[in-house]
Amino acid sequence: MTAVQEKPKAVAPDGPPPRRRGKRATALAGTDKLVLGLMLGIPTVVHLLFVWIPALGSVALSFSRWNGIGGLEDIEWIGVGNYVEIFTEYPRFWPAVQHNLIWLVFLLVVPTSAGLLLAVLLDREIKFSRIYQSALYLPMVLSLALVGFIWQLIYTPDGGLLNSVLGLDKPVDWIGDSDINLYAVLVAAAWRHTGYIMLLYLAGLKSVDPALKEAAALDGASAAQTFFRVTFPVMKPVNVVVLVVTVIEALRAFDIVYVINKGRNGLELLSVLVTDNIIGEASRIGRGSAVAVVLLTISLGFIITYLYQVFSKENRT
């Protein structure tokens, strides 16, 4: 007879017995959830009350004729009448559009180029670079109303700084002359905007991998070729941010021209027309809302483009 071999018994592994899977503990306690809800809920409610509801209300009122007196039952709904009026009959609308376009082109060319040049110079770690950065960025800290007041003193025909420095026989009325006052104000706006653009480009230059510059130098590229063919293309996200910021800055320009001459006599802007129609003597709230919707539509075009660039980049990564 053959002996039947018994199978060896399994030996339990050393160590503590496995624990039973209990109920998963929550990451946040009740108090933490309450605090988190308040931190998210309160800003959301404030944002809805002061941004989205007024914006949607302006869109609705742009299809109406109303002077702000009385209740909702006194609003006369006229469809697209306000838009037809501002595009065909409102004499200040198209000059304001033209001035906003000039404002945009000027800010895209002059302060952007100057800010980029200053950023490149400061990126080289020259002596006292921190002091230069602070001094160049200081105008950005000032409000546009204060900038307008400062440059109003500079442009004053009698006793103004600019006319005193130029020493002209006949003082130039930089603000009162409708042929030159827009460009005089643009210089003031560029003085404030250049420091911000410089800071954005300086941050972008700091984030560029130095190995790319070293590789270009080893290939025999000059400093200019390295910048325009290597460094500048790498800063594409910064360029998009600069474009969006500049567009918004050009469209929302209001304080500086309103302080100088209430946005009249050659300084008409879309933002000024919104204010004049809504809070002016005539109180044409419907027409002012229509101008505001036009301004909002132009702004959203650039903002949506920026958001598309950002989210498409995140999806690719």
# chains A, B, ... in the order shown; residues from 1 in each chain; ligands from 1
$ residues_around --residues "Ala189 in chain A" --least-positions-apart "5" --cutoff "10 Å" --atoms "only C-alpha atoms" --output "PyMOL selection string"
chain A and resi 103+106-107+111+139-140+144+147-148+151+183-184+194+249-250+253+256-257
$ write_last_selection --atoms "all heavy atoms" --output "short mmCIF file (atom, residue, chain, number, x, y, z; two decimals), in the first residue's frame"
data_model
loop_
_atom_site.label_atom_id
_atom_site.label_comp_id
_atom_site.auth_asym_id
_atom_site.auth_seq_id
_atom_site.Cartn_x
_atom_site.Cartn_y
_atom_site.Cartn_z
N TRP A 103 -7.09 104.37 -28.18
CA TRP A 103 -6.58 104.07 -26.85
C TRP A 103 -5.99 102.67 -26.81
O TRP A 103 -4.91 102.45 -26.27
CB TRP A 103 -7.74 104.20 -25.84
CG TRP A 103 -7.33 104.44 -24.42
CD1 TRP A 103 -6.76 103.55 -23.58
CD2 TRP A 103 -7.48 105.66 -23.67
NE1 TRP A 103 -6.54 104.12 -22.35
CE2 TRP A 103 -6.98 105.41 -22.39
CE3 TRP A 103 -8.00 106.92 -23.97
CZ2 TRP A 103 -6.97 106.38 -21.39
CZ3 TRP A 103 -8.00 107.87 -22.98
CH2 TRP A 103 -7.49 107.61 -21.71
N PHE A 106 -2.74 102.40 -28.99
CA PHE A 106 -1.64 103.12 -28.33
C PHE A 106 -1.09 102.31 -27.16
O PHE A 106 0.13 102.17 -27.00
CB PHE A 106 -2.13 104.48 -27.87
CG PHE A 106 -1.05 105.37 -27.30
CD1 PHE A 106 -0.34 106.20 -28.14
CD2 PHE A 106 -0.75 105.36 -25.95
CE1 PHE A 106 0.67 107.02 -27.63
CE2 PHE A 106 0.25 106.16 -25.43
CZ PHE A 106 0.96 107.00 -26.28
N LEU A 107 -1.98 101.76 -26.32
CA LEU A 107 -1.51 100.98 -25.17
C LEU A 107 -0.83 99.69 -25.61
O LEU A 107 0.11 99.23 -24.94
CB LEU A 107 -2.68 100.66 -24.24
CG LEU A 107 -3.29 101.83 -23.47
CD1 LEU A 107 -4.35 101.31 -22.50
CD2 LEU A 107 -2.24 102.62 -22.71
N PRO A 111 3.13 101.48 -24.35
CA PRO A 111 3.48 100.95 -23.02
C PRO A 111 3.94 99.49 -23.05
O PRO A 111 4.80 99.10 -22.26
CB PRO A 111 2.18 101.09 -22.23
CG PRO A 111 1.33 102.03 -22.99
CD PRO A 111 1.71 101.86 -24.41
N PRO A 139 3.68 104.32 -10.31
CA PRO A 139 2.45 104.93 -10.89
C PRO A 139 1.27 103.98 -10.95
O PRO A 139 0.12 104.42 -10.90
CB PRO A 139 2.91 105.34 -12.30
CG PRO A 139 4.38 105.52 -12.18
CD PRO A 139 4.84 104.49 -11.21
N MET A 140 1.52 102.67 -11.05
CA MET A 140 0.41 101.72 -11.11
C MET A 140 -0.36 101.67 -9.81
O MET A 140 -1.55 101.33 -9.80
CB MET A 140 0.97 100.33 -11.46
CG MET A 140 -0.08 99.30 -11.78
SD MET A 140 -1.05 99.75 -13.24
CE MET A 140 -2.48 98.68 -13.04
N LEU A 144 -6.48 106.06 -11.35
CA LEU A 144 -6.53 106.85 -12.58
C LEU A 144 -7.00 108.27 -12.33
O LEU A 144 -6.59 109.21 -13.03
CB LEU A 144 -7.47 106.16 -13.58
CG LEU A 144 -6.88 104.96 -14.34
CD1 LEU A 144 -7.97 104.26 -15.13
CD2 LEU A 144 -5.76 105.40 -15.26
N VAL A 147 -3.96 110.08 -11.18
CA VAL A 147 -3.07 110.27 -12.34
C VAL A 147 -3.57 111.42 -13.20
O VAL A 147 -2.80 112.27 -13.67
CB VAL A 147 -2.97 108.97 -13.16
CG1 VAL A 147 -2.24 109.21 -14.47
CG2 VAL A 147 -2.27 107.88 -12.36
N GLY A 148 -4.89 111.48 -13.41
CA GLY A 148 -5.46 112.59 -14.19
C GLY A 148 -5.21 113.93 -13.52
O GLY A 148 -4.91 114.92 -14.21
N TRP A 151 -1.40 114.86 -13.99
CA TRP A 151 -1.06 115.30 -15.33
C TRP A 151 -1.83 116.55 -15.75
O TRP A 151 -1.42 117.26 -16.67
CB TRP A 151 -1.30 114.16 -16.32
CG TRP A 151 -0.18 113.16 -16.26
CD1 TRP A 151 -0.06 112.12 -15.40
CD2 TRP A 151 0.99 113.15 -17.08
NE1 TRP A 151 1.12 111.45 -15.62
CE2 TRP A 151 1.77 112.05 -16.66
CE3 TRP A 151 1.44 113.94 -18.13
CZ2 TRP A 151 2.99 111.74 -17.26
CZ3 TRP A 151 2.65 113.63 -18.73
CH2 TRP A 151 3.41 112.54 -18.29
N TYR A 183 -4.21 112.50 -27.19
CA TYR A 183 -2.86 111.93 -27.15
C TYR A 183 -2.11 112.38 -25.90
O TYR A 183 -1.28 111.64 -25.37
CB TYR A 183 -2.10 112.34 -28.41
CG TYR A 183 -2.81 111.89 -29.67
CD1 TYR A 183 -3.62 112.77 -30.40
CD2 TYR A 183 -2.72 110.57 -30.11
CE1 TYR A 183 -4.28 112.35 -31.53
CE2 TYR A 183 -3.38 110.15 -31.25
CZ TYR A 183 -4.17 111.04 -31.95
OH TYR A 183 -4.85 110.62 -33.07
N ALA A 184 -2.43 113.58 -25.42
CA ALA A 184 -1.83 114.03 -24.17
C ALA A 184 -2.29 113.15 -23.00
O ALA A 184 -1.49 112.77 -22.13
CB ALA A 184 -2.20 115.49 -23.91
N THR A 194 2.80 101.36 -18.08
CA THR A 194 4.09 100.76 -18.43
C THR A 194 4.66 99.93 -17.30
O THR A 194 5.20 98.83 -17.52
CB THR A 194 5.08 101.86 -18.84
OG1 THR A 194 4.56 102.58 -19.97
CG2 THR A 194 6.43 101.27 -19.20
N GLU A 249 -7.88 97.41 -19.88
CA GLU A 249 -7.46 98.75 -19.46
C GLU A 249 -7.93 99.82 -20.44
O GLU A 249 -8.33 100.91 -20.05
CB GLU A 249 -5.93 98.78 -19.32
CG GLU A 249 -5.38 100.06 -18.73
CD GLU A 249 -5.61 100.16 -17.23
OE1 GLU A 249 -5.95 99.15 -16.61
OE2 GLU A 249 -5.45 101.27 -16.70
N ALA A 250 -7.88 99.49 -21.73
CA ALA A 250 -8.31 100.47 -22.75
C ALA A 250 -9.82 100.66 -22.74
O ALA A 250 -10.31 101.78 -22.97
CB ALA A 250 -7.85 100.01 -24.13
N ALA A 253 -11.20 102.61 -19.41
CA ALA A 253 -10.67 103.94 -19.14
C ALA A 253 -11.81 104.92 -18.92
O ALA A 253 -12.69 105.08 -19.78
CB ALA A 253 -9.79 104.40 -20.30
N ILE A 256 -9.60 108.99 -15.66
CA ILE A 256 -8.62 110.00 -16.03
C ILE A 256 -9.24 111.07 -16.93
O ILE A 256 -8.99 112.27 -16.75
CB ILE A 256 -7.39 109.33 -16.69
CG1 ILE A 256 -6.30 110.36 -16.94
CG2 ILE A 256 -7.75 108.60 -17.96
CD1 ILE A 256 -4.98 109.73 -17.34
N VAL A 257 -10.09 110.67 -17.90
CA VAL A 257 -10.70 111.66 -18.78
C VAL A 257 -11.83 112.39 -18.07
O VAL A 257 -12.10 113.56 -18.36
CB VAL A 257 -11.21 110.99 -20.08
CG1 VAL A 257 -10.06 110.41 -20.87
CG2 VAL A 257 -12.25 109.93 -19.79
#
$ select_by_dssp --residues "range 61-239 of chain A" --states "strand (DSSP E)" --output "ChimeraX atom specification"
/A:64-65,76-77
$ write_last_selection --atoms "N, CA, C and O atoms" --output "CSV table (one decimal), in the first residue's frame"
chain,number,residue,atom,x,y,z
A,64,SER,N,-35.3,98.8,-23.4
A,64,SER,CA,-36.4,99.6,-22.9
A,64,SER,C,-36.1,101.1,-23.0
A,64,SER,O,-35.0,101.5,-23.3
A,65,ARG,N,-37.1,101.8,-22.7
A,65,ARG,CA,-37.0,103.3,-22.6
A,65,ARG,C,-37.5,103.7,-21.2
A,65,ARG,O,-38.7,103.5,-20.9
A,76,GLU,N,-41.0,101.2,-20.6
A,76,GLU,CA,-41.5,101.0,-21.9
A,76,GLU,C,-40.5,100.1,-22.7
A,76,GLU,O,-39.4,100.5,-23.0
A,77,TRP,N,-41.0,99.0,-23.1
A,77,TRP,CA,-40.1,98.0,-23.9
A,77,TRP,C,-40.2,98.4,-25.3
A,77,TRP,O,-41.3,98.4,-25.9
$ select_by_dssp --residues "range 111-242 of chain A" --states "alpha helix (DSSP H)" --output "number ranges by chain"
A: 111-122, 129-141, 144-155, 161-166, 181-207, 210-218, 223-226, 232-234, 236-242
$ closest_atom_pairs --of "range 176-200 of chain A" --to "range 117-129 of chain A" --cutoff "10 Å" --atoms "only C-alpha atoms" --output "CSV"
residue,atom,partner,partner_atom,distance
A:Thr194,CA,A:Leu118,CA,8.9
A:Gly195,CA,A:Leu118,CA,8.8
A:Ile197,CA,A:Ala119,CA,8.5
A:Met198,CA,A:Ala119,CA,5.1
A:Leu199,CA,A:Ala119,CA,7.0
A:Leu200,CA,A:Ala119,CA,8.4
$ write_last_selection --atoms "all heavy atoms" --output "short mmCIF file (atom, residue, chain, number, x, y, z; two decimals), in the first residue's frame"
data_model
loop_
_atom_site.label_atom_id
_atom_site.label_comp_id
_atom_site.auth_asym_id
_atom_site.auth_seq_id
_atom_site.Cartn_x
_atom_site.Cartn_y
_atom_site.Cartn_z
N THR A 194 2.80 101.36 -18.08
CA THR A 194 4.09 100.76 -18.43
C THR A 194 4.66 99.93 -17.30
O THR A 194 5.20 98.83 -17.52
CB THR A 194 5.08 101.86 -18.84
OG1 THR A 194 4.56 102.58 -19.97
CG2 THR A 194 6.43 101.27 -19.20
N GLY A 195 4.55 100.41 -16.07
CA GLY A 195 5.11 99.68 -14.93
C GLY A 195 4.46 98.33 -14.73
O GLY A 195 5.13 97.34 -14.37
N ILE A 197 3.01 96.42 -17.13
CA ILE A 197 3.48 95.55 -18.21
C ILE A 197 4.91 95.10 -17.94
O ILE A 197 5.27 93.93 -18.18
CB ILE A 197 3.37 96.26 -19.57
CG1 ILE A 197 1.92 96.66 -19.84
CG2 ILE A 197 3.90 95.38 -20.69
CD1 ILE A 197 0.96 95.50 -19.89
N MET A 198 5.73 96.01 -17.44
CA MET A 198 7.11 95.65 -17.10
C MET A 198 7.14 94.52 -16.08
O MET A 198 7.92 93.57 -16.20
CB MET A 198 7.83 96.88 -16.55
CG MET A 198 9.24 96.62 -16.05
SD MET A 198 9.75 97.79 -14.77
CE MET A 198 8.67 97.32 -13.41
N LEU A 199 6.29 94.61 -15.07
CA LEU A 199 6.27 93.59 -14.02
C LEU A 199 5.82 92.23 -14.57
O LEU A 199 6.39 91.19 -14.22
CB LEU A 199 5.35 94.04 -12.90
CG LEU A 199 5.45 93.25 -11.59
CD1 LEU A 199 6.80 93.47 -10.93
CD2 LEU A 199 4.34 93.66 -10.63
N LEU A 200 4.83 92.23 -15.45
CA LEU A 200 4.36 90.98 -16.03
C LEU A 200 5.45 90.33 -16.87
O LEU A 200 5.70 89.11 -16.77
CB LEU A 200 3.12 91.24 -16.89
CG LEU A 200 1.84 91.64 -16.15
CD1 LEU A 200 0.73 91.96 -17.15
CD2 LEU A 200 1.39 90.53 -15.21
#
$ closest_residue --among "A:Val187, A:Val291, A:Leu153, A:Leu300" --to "Val97 in chain A" --atoms "only C-alpha atoms"
A:Val291
$ closest_residue --among "A:Asp169, A:Gly266, A:Met39, A:Gly286" --to "Arg92 in chain A" --atoms "only C-alpha atoms"
A:Gly266
$ atom_distance --atom1 "CA of Ala135 in chain A" --atom2 "CA of Ile102 in chain A"
27.5 Å
$ residues_around --residues "Gly57 in chain A" --least-positions-apart "4" --cutoff "12 Å" --atoms "only C-alpha atoms" --output "VMD selection string"
chain A and resid 48 to 53 61 to 64 72 285 to 286 289 to 290 292 to 293
$ residues_around --residues "Asp173 in chain A" --least-positions-apart "6" --cutoff "9 Å" --atoms "only C-alpha atoms" --output "number ranges by chain"
A: 155-158, 180-181
$ write_last_selection --atoms "all heavy atoms" --output "PDB file, in the first residue's frame"
ATOM      1  N   TYR A 155      -0.064 119.618 -17.582  1.00  0.00           N
ATOM      2  CA  TYR A 155      -0.529 120.139 -18.861  1.00  0.00           C
ATOM      3  C   TYR A 155      -1.174 121.519 -18.765  1.00  0.00           C
ATOM      4  O   TYR A 155      -1.609 122.061 -19.783  1.00  0.00           O
ATOM      5  CB  TYR A 155      -1.551 119.175 -19.470  1.00  0.00           C
ATOM      6  CG  TYR A 155      -0.947 117.889 -20.001  1.00  0.00           C
ATOM      7  CD1 TYR A 155      -1.608 116.671 -19.835  1.00  0.00           C
ATOM      8  CD2 TYR A 155       0.259 117.898 -20.689  1.00  0.00           C
ATOM      9  CE1 TYR A 155      -1.074 115.502 -20.339  1.00  0.00           C
ATOM     10  CE2 TYR A 155       0.800 116.731 -21.190  1.00  0.00           C
ATOM     11  CZ  TYR A 155       0.134 115.529 -21.004  1.00  0.00           C
ATOM     12  OH  TYR A 155       0.665 114.375 -21.498  1.00  0.00           O
ATOM     13  N   THR A 156      -1.276 122.097 -17.592  1.00  0.00           N
ATOM     14  CA  THR A 156      -1.919 123.408 -17.457  1.00  0.00           C
ATOM     15  C   THR A 156      -1.243 124.439 -18.356  1.00  0.00           C
ATOM     16  O   THR A 156      -0.012 124.569 -18.345  1.00  0.00           O
ATOM     17  CB  THR A 156      -1.850 123.876 -15.989  1.00  0.00           C
ATOM     18  OG1 THR A 156      -2.523 122.913 -15.165  1.00  0.00           O
ATOM     19  CG2 THR A 156      -2.519 125.226 -15.824  1.00  0.00           C
ATOM     20  N   PRO A 157      -2.019 125.181 -19.158  1.00  0.00           N
ATOM     21  CA  PRO A 157      -1.391 126.141 -20.086  1.00  0.00           C
ATOM     22  C   PRO A 157      -0.573 127.209 -19.373  1.00  0.00           C
ATOM     23  O   PRO A 157       0.547 127.547 -19.810  1.00  0.00           O
ATOM     24  CB  PRO A 157      -2.585 126.749 -20.824  1.00  0.00           C
ATOM     25  CG  PRO A 157      -3.686 125.764 -20.659  1.00  0.00           C
ATOM     26  CD  PRO A 157      -3.476 125.122 -19.332  1.00  0.00           C
ATOM     27  N   ASP A 158      -1.096 127.760 -18.292  1.00  0.00           N
ATOM     28  CA  ASP A 158      -0.411 128.837 -17.582  1.00  0.00           C
ATOM     29  C   ASP A 158       0.268 128.264 -16.333  1.00  0.00           C
ATOM     30  O   ASP A 158      -0.401 127.885 -15.363  1.00  0.00           O
ATOM     31  CB  ASP A 158      -1.403 129.927 -17.174  1.00  0.00           C
ATOM     32  CG  ASP A 158      -2.079 130.552 -18.384  1.00  0.00           C
ATOM     33  OD1 ASP A 158      -1.417 130.649 -19.431  1.00  0.00           O
ATOM     34  OD2 ASP A 158      -3.278 130.920 -18.274  1.00  0.00           O
ATOM     35  N   ILE A 180      -5.326 117.533 -29.874  1.00  0.00           N
ATOM     36  CA  ILE A 180      -4.163 116.907 -29.239  1.00  0.00           C
ATOM     37  C   ILE A 180      -4.452 116.382 -27.833  1.00  0.00           C
ATOM     38  O   ILE A 180      -3.617 115.655 -27.272  1.00  0.00           O
ATOM     39  CB  ILE A 180      -2.984 117.899 -29.159  1.00  0.00           C
ATOM     40  CG1 ILE A 180      -3.378 119.133 -28.326  1.00  0.00           C
ATOM     41  CG2 ILE A 180      -2.522 118.299 -30.538  1.00  0.00           C
ATOM     42  CD1 ILE A 180      -2.231 120.095 -28.096  1.00  0.00           C
ATOM     43  N   ASN A 181      -5.613 116.722 -27.261  1.00  0.00           N
ATOM     44  CA  ASN A 181      -5.814 116.352 -25.858  1.00  0.00           C
ATOM     45  C   ASN A 181      -5.927 114.840 -25.660  1.00  0.00           C
ATOM     46  O   ASN A 181      -5.536 114.314 -24.615  1.00  0.00           O
ATOM     47  CB  ASN A 181      -7.041 117.062 -25.277  1.00  0.00           C
ATOM     48  CG  ASN A 181      -8.316 116.758 -26.046  1.00  0.00           C
ATOM     49  OD1 ASN A 181      -8.317 115.986 -27.007  1.00  0.00           O
ATOM     50  ND2 ASN A 181      -9.400 117.380 -25.629  1.00  0.00           N
TER      51      ASN A 181
END
$ closest_residue --among "A:Lys206, A:Lys236, A:Arg252, A:Lys213" --to "Ile298 in chain A" --atoms "only C-alpha atoms"
A:Arg252
